[in-house]
Amino acid sequence: MTDPLKYLTDSVKAHGLSRREFIASSMAAGLTLTAATSLYSKTAKAAEPKRGGHLKLGLQGGAATDILDPAKSQSQFTFVLGRNWGDTLVESHPHDGTAVPSLAESWESSADASTWTFTLRKGVQFHNGKELTIDDVVKTLHRHTDKKSESGALGILKSITDIKADGDKLVVSLTEGNADLPLLLTDYHLVIQPGGGNDDPNAAIGTGPYKLKTYDAGVRATFEKNENDWRSDRGYVDSIEMIVMNDATARVAALSSGQVHYINRVDPKTVSLLKRAPSVDILQTSGRGHYVFIMHCDTAPFDNNDLRLALKYAMDRETMVEKILGGYGKVGNDFPINETYALFPEGIEQRKYDPDKAKFHYKKSGHDGSVLLRTSDVAFPGAVDAAVLYQESAKKAGINIEVKREPGDGYWSNVWNVQPFSTSYWGGRPTQDQMYSTAYLSTADWNDTRFKREDFDKLLLAARAELDQAKRKEMYRDMAMMVRDEGGLILPMFNDFVNASNKNLKGYVHDIGNDMSNGYVATRVWLDS
Amino acid sequence: MDTAMDDGKPSRRRLKHRYPLTVLILQRLGLSAGLLLAVSILIFGGVEALPGDFAQTYLGQSATPQAIENIRSQLGLERPITTRYFEWLGNAVQGDFGESWASGNSVSEQIGKRLGNSLFLAFCAAIISVPLAVGLGMLAVHFRNRVPDRIINIVSLAAISLPEFFIGYLLILFFAVKFGVASFPATVYDGMAFSDRLAAIALPTATLVFVVLAHMMRMTRAAIISVMSSAYMETAELKGLGAFKTIIKHAAPNAIAPIVNVVALNLAYLVVGVVVVEVVFVYPGMGQYMVDAVTVRDMPVVQACGLIFAAVYILLNMVADLIAIIANPKLRHPR
C-alpha cells in the first residue's frame with residue numbers, strides 16, 4: 001500500500017474508482033496523461049473478472065466450538081463464513097472506509113444525527129426464496145440489541161433506543177447524535193436473516209452470493225453459488241471450500257503445493273521464505289489492529305504523567321516493527337488511530353525513541369526502583385520477545401523494567417485490564433468514535449488504561465454528533481493529542497495483515513476495514529487458470 | 001456368569017479356580033468403572049482449577065461483565081461445584097453427555113464423528129505398524145549384532161528421536177510439496193469416497209507408523225532375546241526338542257506378555273495421543289476436538305473426551321493382560 005499507483009490500480013479492480021478519478025490521481029502521482037490512460041486500460045483489462053472455478057481457502061482460526069449464528073461469530077473462520085452467505089445493511093468502502101450501500105440503498109439522518117432513516121433495497125431474495133422485507137431487518141436488529149442478547153455487536157449498538165419500520169423504511173433512534181451509525185451497521189455480526197434469525201439462528205440463510213452446502217465446525221465448510229444474487233459485481237467463482245488449518249506450517253505447505261488458493265495469517269518470521277516460492281503472492285494490507293503496552297493512569301506509580309512519558313520515550317518503535325513484525329507493520333504514535341481511519345488527524349509529530357528525554361522525565365517523576373511489566377504470548381504474537389526488547393531499550397535510558405511472564409490461560413481475565421502494566425492487543429474498530437468509546441471513555445468497561453478525563457469524554461460525545469466533517473476532524477485531533485501526551489497507552493506498532501495466495505487468484509482487494517479483504521475475500525476474487 | 005449358581009454357595013476362591021478368566025474380566029470391569037469415575041472427578045477438578053471459567057474464556061478479550069453474567073446464569077455456573085458435578089454424573093450414567101456449552105450441539109453426535117475418524121487413522125496405522133514391528137524385531141534377533149540388526153536399530157532409533165511433527169513436516173515437504181504425489185491436507189469429511197479417504201490419510205498414517213514402530217520393534221527384540229537366553233530354553237534344546245517346538249511351547253508364551261503390553265500402549269497412543277499429528281495434517285480427530293474444548297473450558301465436551309480416552313486406555317490394557325494370561329499357562333493358573 002505504500003506505492004500510490006498500486007493503490008490506484010487496486011481501486012480500479014475493486015470497481016471503486018472511475019476512469020476520470022483514476023487518471024486525475026495517477027497524474028497527481030507523477031504520471032503523464034498518456035501513461036495514465038494506458039495504465040488504466042491495462043489495469044481494467046487485467047481486472048476483467050473471470051467466472052467459474054472452485055476456490056479453496058486454508059484458514060487459521062476455526063475451532064470445534066464455532067457456531068453459525070452470526071451473533072456469536074468470533075473466529076476468523078466464521079467471520080469469512082458469514083460474509084459468504086449473508087449481507088449487512090451497509091458496507092464500508094475498501095479504501096477510504098466510508099459507508100457504502102448494501103441491503104440499505106440509501107439513508108439520511110436528522111439534523112442532530114440522533115434519528116436515522118434507511119431505505120431498503122427492493123427485489124432482494126433470501127436463499128430460501130423469501131423476499132427480503134423491512135420486518136426481517138427490524139427483527140434482526142432487535143435480536144442483536146436485546147438486553148439479554150449474546151451478540152458480539154451488543155456493545156456497539158448500546159446507544160440505540162428504538163428500531164422500527166415506517167412503511168418500507170427503517171427508522172433507528174439513538175440516545176444521542178451519532179454521525180457514524182451507518183458504519184456501525186457494517187459490523188460482521190449484523191447479517192440480515194429471514195425473520196431476524198429468531199427461529200433458527202444457525203440456519204445460515206441470508207442474501208449473500210453463496211449458499212452454505214456443508215458445514216463441519218472446526219473442520220470445513222463448502223458453498224455453492226447463489227444464482228439469485230442481487231449483485232453482479234461479486235461471487236465470481238462457482239463454489240468455495242474453506243478448510244480450517246490452525247497450523248501455520250500446514251497452511252504454507254498447502255498453499256505452496258497448490259492444494260489451496262489462499263491462506264491467512266502468514267507468520268512474519270517465515271514470510272521471506274514463502275516469498276521465494278514462484279507460484280505465491282504475498283498479500284500485505286495495512287490494518288487498524290495494534291500491539292500495545294498499557295499503564296493504568298490511576299494506579300501508582302503510573303499515576304504520574306512524567307513516568308508515563310518516560311516509558312513512552314523509552315520505546316524503540318522502529319526496532320519493534322522490524323523485529324516483532326518482521327517489517328510487516330507501521331510504527332505507532334501512542335494514540336490508537338492510524339491513516340486507515342476516516343478523518344485521521346494528519347501532521348502529529350511522530351514520537352521517537354529518545355533515551356535522553358526518557359531519562360529527563362524519569363528523573364522528574366521521582367520514581368525509584370524497577371517497573372513491573374506483565375506479559376504473555378497470548379497478548380499478541382511475540383509479546384514476550386517485545387517485552388524483553390523494551391526492557392533493553394529502557395535500560396539505556398536508565399529505567400529498569402522487570403518482565404514477568406504470565407500464563408496464557410486466563411490472561412484476558414486475570415492480567416489484562418486488571419494489572420497496572422501489561423501487554424495487550426486491540427483489533428480495529430470501524431470508526432475513530434468507536435475506538436475511543438470502547439477503550440478511552442471514562443465509563444467504558446474496557447478502559448484498559450484507566451484514562452479518565454471529563455474534557456475528553458465531552459469532546460468525544462460532541463464529535464460523535466458533529467456532522468461538519470472539518471470540525472469533527474479538528475476534534476479528533478485534539479483527542480488524539482490528549483491520549484498521546486497524557487494517556488496510559490504506549491503504542492509501538494500497528495500490525496499489517498499478511499496473507500498469501502496462489503498467482504492464479506486475481507482481484508484481491510486490499511480492504512482497510514479488516515483482515516482477509518474485510519472477510520469478503522471469497523466473494524471478491526476470481527480464478528485465472 | 002450364571003455358573004455362580006451351580007452349587008448353591010460357592011466360595012470366591014473356588015470360583016476363581018474354576019473360571020479364572022471370567023472372574024478376572026469381571027474384576028477388571030468393576031475396577032475400570034471405578035477408575036473412570038476417578039478420572040471424571042480429576043478432569044472436572046482440573047478444568048475448574050484452570051484460571052478463568054467458560055464464560056470468561058469463551059468471550060476472551062471481548063468479555064463484558066454483563067455478557068459474562070448472562071452466560072453464567074444461563075449455564076448455572078454460579079452453583080457450587082459438587083452440585084454441578086453430580087448433575088453431570090447423573091446424566092452421564094444414563095448415557096446423556098449433554099450439549100456443548102460453546103456450540104450448543106449434542107456432544108455424543110459430535111464425538112461419534114470425531115471418534116470414528118480417530119479410530120480409522122489409528123486402525124490404519126496399527127495394521128501396518130504392528131506386523132511390521134514384530135517382523136522387524138524377529139529379523140533383528142535373527143541377525144543379532146550383525147549389519148541388518150544394526151541398520152534396523154539405527155533407523156528406528158532415529159525415527160523415535162525425531163519429534164512427530166518434524167517427521168510430519170518432512171513427509172509433507174517431500175511427498176506433497178516437492179514431488180506432489182501425496183494428498184495434503186488430510187481433511188476428511190462426510191460423503192468422501194473411501195479411496196479418497198485412504199489417500200488423504202496416507203501421510204499421517206506413515207508418520208504414526210514411524211513414531212510407534214521403534215518402540216514395539218525394540219521391545220519385541222528384547223523380549224525374544226531375553227527368553228532365548230534363559231535356562232529353560234537351553235534345557236529344552238538339551239532334552240532334544242526341535243527349534244520350532246521350542247519356540248512355540250516355551251519361548252512364545254513367555255515372550256508374548258511384554259510384546260502385547262507394549263503393542264497395547266502404542267495402540268492407545270494412536271487413539272489418544274496424536275493431537276500434534278492431527279494439527280499438522282489438518283485431520284479432524286478427537287485430539288483436536290478436545291483441545292478446542294479445553295481452550296474455552298467447554299466442560300461437557302472435555303469430560304466426554306477424557307472419559308473416552310481413559311476407557312480406550314483401560315480397555316486396551318485389559319485386553320493385553322488377558323492375551324498374556326491366555327497365552328501363558330503359568331499366569332492362567334496363579335497359585
# chains A, B, ... in the order shown; residues from 1 in each chain; ligands from 1
>>> interface_residues(of="chain A", to="chain B", cutoff="7 Å", atoms="only C-alpha atoms", output="PDB file with C-alpha atoms, in the first residue's frame")
ATOM      1  CA  ALA A  63     -12.488 -24.423  16.217  1.00  0.00           C
ATOM      2  CA  ALA A  64     -14.922 -27.209  17.014  1.00  0.00           C
ATOM      3  CA  THR A  65     -16.649 -24.693  19.289  1.00  0.00           C
ATOM      4  CA  ASP A  66     -17.569 -22.380  16.386  1.00  0.00           C
ATOM      5  CA  ILE A  67     -21.200 -21.703  15.694  1.00  0.00           C
ATOM      6  CA  LYS A 148     -30.184 -10.428  27.060  1.00  0.00           C
ATOM      7  CA  GLU A 150     -25.316 -12.629  23.427  1.00  0.00           C
ATOM      8  CA  VAL A 219     -13.084 -28.694  10.037  1.00  0.00           C
ATOM      9  CA  MET A 245      -5.834 -25.045   9.163  1.00  0.00           C
ATOM     10  CA  ASN A 246      -4.637 -23.851  12.529  1.00  0.00           C
ATOM     11  CA  ASP A 247      -1.016 -24.848  11.998  1.00  0.00           C
ATOM     12  CA  ALA A 250       0.383 -26.675   7.299  1.00  0.00           C
ATOM     13  CA  ALA A 253       2.561 -26.280   2.775  1.00  0.00           C
ATOM     14  CA  ALA A 254      -0.997 -26.408   1.456  1.00  0.00           C
ATOM     15  CA  SER A 256       2.874 -23.973  -1.914  1.00  0.00           C
ATOM     16  CA  SER A 257       1.745 -27.432  -3.007  1.00  0.00           C
ATOM     17  CA  GLN A 259      -3.861 -27.509  -2.628  1.00  0.00           C
ATOM     18  CA  ASP A 409      -4.535 -19.335  30.139  1.00  0.00           C
ATOM     19  CA  GLY A 410      -6.697 -16.712  31.752  1.00  0.00           C
ATOM     20  CA  TRP A 412      -7.525 -11.837  29.454  1.00  0.00           C
ATOM     21  CA  SER A 413      -9.397 -12.294  32.707  1.00  0.00           C
ATOM     22  CA  ASP A 445     -15.760  -1.346  30.571  1.00  0.00           C
TER      23      ASP A 445
END
>>> residues_around(residues="Arg464 in chain A", least_positions_apart="5", cutoff="12 Å", atoms="only C-alpha atoms", output="list of chain:residue names")
A:Asp112, A:Ala113, A:Ser114, A:Ser159, A:Leu174, A:Thr175, A:Glu176, A:Gly177, A:Asn178, A:Ala179, A:Asp180, A:Leu181, A:Thr431, A:Gln432, A:Asp433, A:Gln434, A:Met435, A:Tyr436, A:Ser437, A:Asp457, A:Lys458, A:Leu459, A:Gln469, A:Lys471, A:Arg472, A:Lys473, A:Met475, A:Tyr476
>>> atom_distance(atom1="CA of Val277 in chain B", atom2="CA of Lys275 in chain A")
26.3 Å
>>> atom_distance(atom1="CA of Gly82 in chain A", atom2="CA of Asp146 in chain A")
20.9 Å
>>> residues_around(residues="Leu103 in chain A", least_positions_apart="5", cutoff="9 Å", atoms="only C-alpha atoms", output="PyMOL selection string")
chain A and resi 87-91+119-122+124+192+207
>>> residues_around(residues="range 318-327 of chain B", least_positions_apart="2", cutoff="10 Å", atoms="only C-alpha atoms", output="mmCIF file with C-alpha atoms, in the first residue's frame")
data_model
loop_
_atom_site.group_PDB
_atom_site.id
_atom_site.type_symbol
_atom_site.label_atom_id
_atom_site.label_comp_id
_atom_site.auth_asym_id
_atom_site.auth_seq_id
_atom_site.Cartn_x
_atom_site.Cartn_y
_atom_site.Cartn_z
ATOM 1 C CA PRO B 20 -10.236 -67.690 36.327
ATOM 2 C CA LEU B 21 -10.769 -65.655 33.144
ATOM 3 C CA LEU B 24 -10.720 -61.692 36.138
ATOM 4 C CA ILE B 25 -12.718 -59.927 33.437
ATOM 5 C CA ARG B 28 -11.280 -55.731 35.804
ATOM 6 C CA LEU B 29 -14.587 -54.304 34.567
ATOM 7 C CA SER B 32 -12.485 -49.898 35.263
ATOM 8 C CA ALA B 252 6.322 -67.696 22.725
ATOM 9 C CA PRO B 253 4.192 -67.951 25.898
ATOM 10 C CA ASN B 254 6.842 -66.130 27.884
ATOM 11 C CA ALA B 255 7.737 -63.526 25.274
ATOM 12 C CA ILE B 256 4.206 -62.626 24.324
ATOM 13 C CA ALA B 257 3.277 -60.760 27.520
ATOM 14 C CA PRO B 258 5.746 -57.873 27.216
ATOM 15 C CA ILE B 259 5.173 -57.593 23.459
ATOM 16 C CA VAL B 260 1.404 -57.450 23.770
ATOM 17 C CA ASN B 261 1.735 -54.894 26.537
ATOM 18 C CA VAL B 262 3.856 -52.537 24.510
ATOM 19 C CA VAL B 263 1.612 -53.019 21.484
ATOM 20 C CA ALA B 264 -1.409 -52.117 23.607
ATOM 21 C CA LEU B 265 0.278 -48.996 24.928
ATOM 22 C CA VAL B 312 -9.583 -46.710 25.482
ATOM 23 C CA TYR B 313 -6.513 -46.973 27.679
ATOM 24 C CA ILE B 314 -8.190 -49.183 30.262
ATOM 25 C CA LEU B 315 -9.757 -51.426 27.636
ATOM 26 C CA LEU B 316 -6.574 -51.939 25.643
ATOM 27 C CA PRO B 329 -0.407 -71.223 31.465
ATOM 28 C CA LYS B 330 1.732 -70.029 34.331
ATOM 29 C CA LEU B 331 -0.316 -66.856 34.583
ATOM 30 C CA ARG B 332 -3.570 -68.632 33.807
ATOM 31 C CA HIS B 333 -3.373 -70.739 36.965
ATOM 32 C CA PRO B 334 -1.889 -68.480 39.593
#
>>> atom_distance(atom1="CA of Val331 in chain A", atom2="CA of Pro355 in chain A")
17.5 Å
>>> residues_around(residues="Leu42 in chain B", least_positions_apart="6", cutoff="12 Å", atoms="only C-alpha atoms", output="ChimeraX atom specification")
/B:35-36,48-49,85,302-303,306-307,310
>>> write_last_selection(atoms="C-alpha atoms", output="PDB file, in the first residue's frame")
ATOM      1  CA  LEU B  35     -11.202 -45.737  37.510  1.00  0.00           C
ATOM      2  CA  LEU B  36     -13.468 -43.925  35.060  1.00  0.00           C
ATOM      3  CA  GLU B  48     -12.255 -25.962  37.490  1.00  0.00           C
ATOM      4  CA  ALA B  49      -8.726 -25.236  38.697  1.00  0.00           C
ATOM      5  CA  TYR B  85     -20.594 -32.458  39.110  1.00  0.00           C
ATOM      6  CA  VAL B 302     -13.839 -32.126  27.862  1.00  0.00           C
ATOM      7  CA  GLN B 303     -15.441 -34.659  30.208  1.00  0.00           C
ATOM      8  CA  GLY B 306     -11.497 -37.517  28.741  1.00  0.00           C
ATOM      9  CA  LEU B 307     -13.695 -40.473  29.610  1.00  0.00           C
ATOM     10  CA  ALA B 310      -9.452 -43.216  29.638  1.00  0.00           C
TER      11      ALA B 310
END
>>> residues_around(residues="Val212 in chain B", least_positions_apart="6", cutoff="8 Å", atoms="only C-alpha atoms", output="JSON, numbers by chain")
{"B": [129, 160, 266]}
>>> write_last_selection(atoms="C-alpha atoms", output="JSON list (two decimals), in the first residue's frame")
[["chain", "number", "residue", "atom", "x", "y", "z"],
["B", 129, "SER", "CA", 2.97, -50.91, 12.22],
["B", 160, "ILE", "CA", 11.71, -42.31, 17.62],
["B", 266, "ASN", "CA", 1.15, -47.91, 21.41]]
>>> select_by_dssp(residues="range 221-458 of chain A", states="helix (DSSP H, G or I)", output="PyMOL selection string")
chain A and resi 248-256+271-275+305-313+317-324+355-365+383-395+411-414+432-439+454-458
>>> write_last_selection(atoms="C-alpha atoms", output="mmCIF file, in the first residue's frame")
data_model
loop_
_atom_site.group_PDB
_atom_site.id
_atom_site.type_symbol
_atom_site.label_atom_id
_atom_site.label_comp_id
_atom_site.auth_asym_id
_atom_site.auth_seq_id
_atom_site.Cartn_x
_atom_site.Cartn_y
_atom_site.Cartn_z
ATOM 1 C CA ALA A 248 0.999 -22.123 10.248
ATOM 2 C CA THR A 249 3.307 -24.608 8.550
ATOM 3 C CA ALA A 250 0.383 -26.675 7.299
ATOM 4 C CA ARG A 251 -1.127 -23.562 5.703
ATOM 5 C CA VAL A 252 2.120 -22.686 3.973
ATOM 6 C CA ALA A 253 2.561 -26.280 2.775
ATOM 7 C CA ALA A 254 -0.997 -26.408 1.456
ATOM 8 C CA LEU A 255 -0.511 -23.157 -0.458
ATOM 9 C CA SER A 256 2.874 -23.973 -1.914
ATOM 10 C CA VAL A 271 7.214 -14.768 5.103
ATOM 11 C CA SER A 272 10.543 -14.087 3.387
ATOM 12 C CA LEU A 273 10.930 -17.837 2.750
ATOM 13 C CA LEU A 274 7.430 -18.152 1.353
ATOM 14 C CA LYS A 275 8.099 -15.212 -0.955
ATOM 15 C CA ASN A 305 2.450 11.571 33.790
ATOM 16 C CA ASP A 306 6.217 12.070 33.766
ATOM 17 C CA LEU A 307 6.772 8.397 34.406
ATOM 18 C CA ARG A 308 4.303 7.592 31.631
ATOM 19 C CA LEU A 309 6.127 9.922 29.258
ATOM 20 C CA ALA A 310 9.469 8.435 30.269
ATOM 21 C CA LEU A 311 8.169 4.969 29.430
ATOM 22 C CA LYS A 312 6.798 6.222 26.114
ATOM 23 C CA TYR A 313 10.123 7.748 25.092
ATOM 24 C CA ARG A 317 9.319 1.610 17.825
ATOM 25 C CA GLU A 318 11.367 1.056 14.672
ATOM 26 C CA THR A 319 13.099 -1.950 16.197
ATOM 27 C CA MET A 320 9.742 -3.349 17.340
ATOM 28 C CA VAL A 321 8.283 -3.181 13.818
ATOM 29 C CA GLU A 322 11.398 -4.731 12.390
ATOM 30 C CA LYS A 323 11.924 -7.499 14.964
ATOM 31 C CA ILE A 324 8.430 -8.373 16.129
ATOM 32 C CA PRO A 355 16.720 7.864 25.849
ATOM 33 C CA ASP A 356 17.630 11.424 26.894
ATOM 34 C CA LYS A 357 14.038 12.610 27.061
ATOM 35 C CA ALA A 358 13.107 9.362 28.782
ATOM 36 C CA LYS A 359 15.841 9.937 31.327
ATOM 37 C CA PHE A 360 14.689 13.539 31.863
ATOM 38 C CA HIS A 361 11.056 12.601 32.510
ATOM 39 C CA TYR A 362 12.050 9.611 34.589
ATOM 40 C CA LYS A 363 14.118 11.803 36.860
ATOM 41 C CA LYS A 364 11.321 14.360 37.052
ATOM 42 C CA SER A 365 8.826 11.680 38.048
ATOM 43 C CA ALA A 383 4.682 -10.270 23.081
ATOM 44 C CA VAL A 384 7.274 -11.821 25.378
ATOM 45 C CA ASP A 385 10.082 -11.013 22.933
ATOM 46 C CA ALA A 386 8.696 -7.498 22.578
ATOM 47 C CA ALA A 387 8.715 -7.046 26.358
ATOM 48 C CA VAL A 388 12.357 -8.118 26.538
ATOM 49 C CA LEU A 389 13.310 -5.783 23.665
ATOM 50 C CA TYR A 390 11.547 -2.981 25.503
ATOM 51 C CA GLN A 391 13.430 -3.869 28.682
ATOM 52 C CA GLU A 392 16.688 -3.435 26.747
ATOM 53 C CA SER A 393 15.806 -0.084 25.187
ATOM 54 C CA ALA A 394 14.542 1.233 28.537
ATOM 55 C CA LYS A 395 17.729 0.173 30.270
ATOM 56 C CA TYR A 411 -4.505 -13.824 30.637
ATOM 57 C CA TRP A 412 -7.525 -11.837 29.454
ATOM 58 C CA SER A 413 -9.397 -12.294 32.707
ATOM 59 C CA ASN A 414 -6.569 -12.066 35.253
ATOM 60 C CA GLN A 432 -12.466 6.648 15.481
ATOM 61 C CA ASP A 433 -15.501 7.233 17.639
ATOM 62 C CA GLN A 434 -15.867 3.503 18.238
ATOM 63 C CA MET A 435 -12.226 3.052 19.117
ATOM 64 C CA TYR A 436 -12.249 5.889 21.625
ATOM 65 C CA SER A 437 -15.653 4.977 23.099
ATOM 66 C CA THR A 438 -14.600 1.364 23.559
ATOM 67 C CA ALA A 439 -11.372 1.966 25.411
ATOM 68 C CA GLU A 454 -14.056 14.759 31.643
ATOM 69 C CA ASP A 455 -12.910 17.105 28.859
ATOM 70 C CA PHE A 456 -12.012 14.108 26.709
ATOM 71 C CA ASP A 457 -15.428 12.497 27.289
ATOM 72 C CA LYS A 458 -17.199 15.729 26.398
#
>>> select_by_dssp(residues="range 45-238 of chain A", states="strand (DSSP E)", output="PyMOL selection string")
chain A and resi 54-59+90-92+99-101+104-109+115-120+160-166+169-174+210-216+220-225
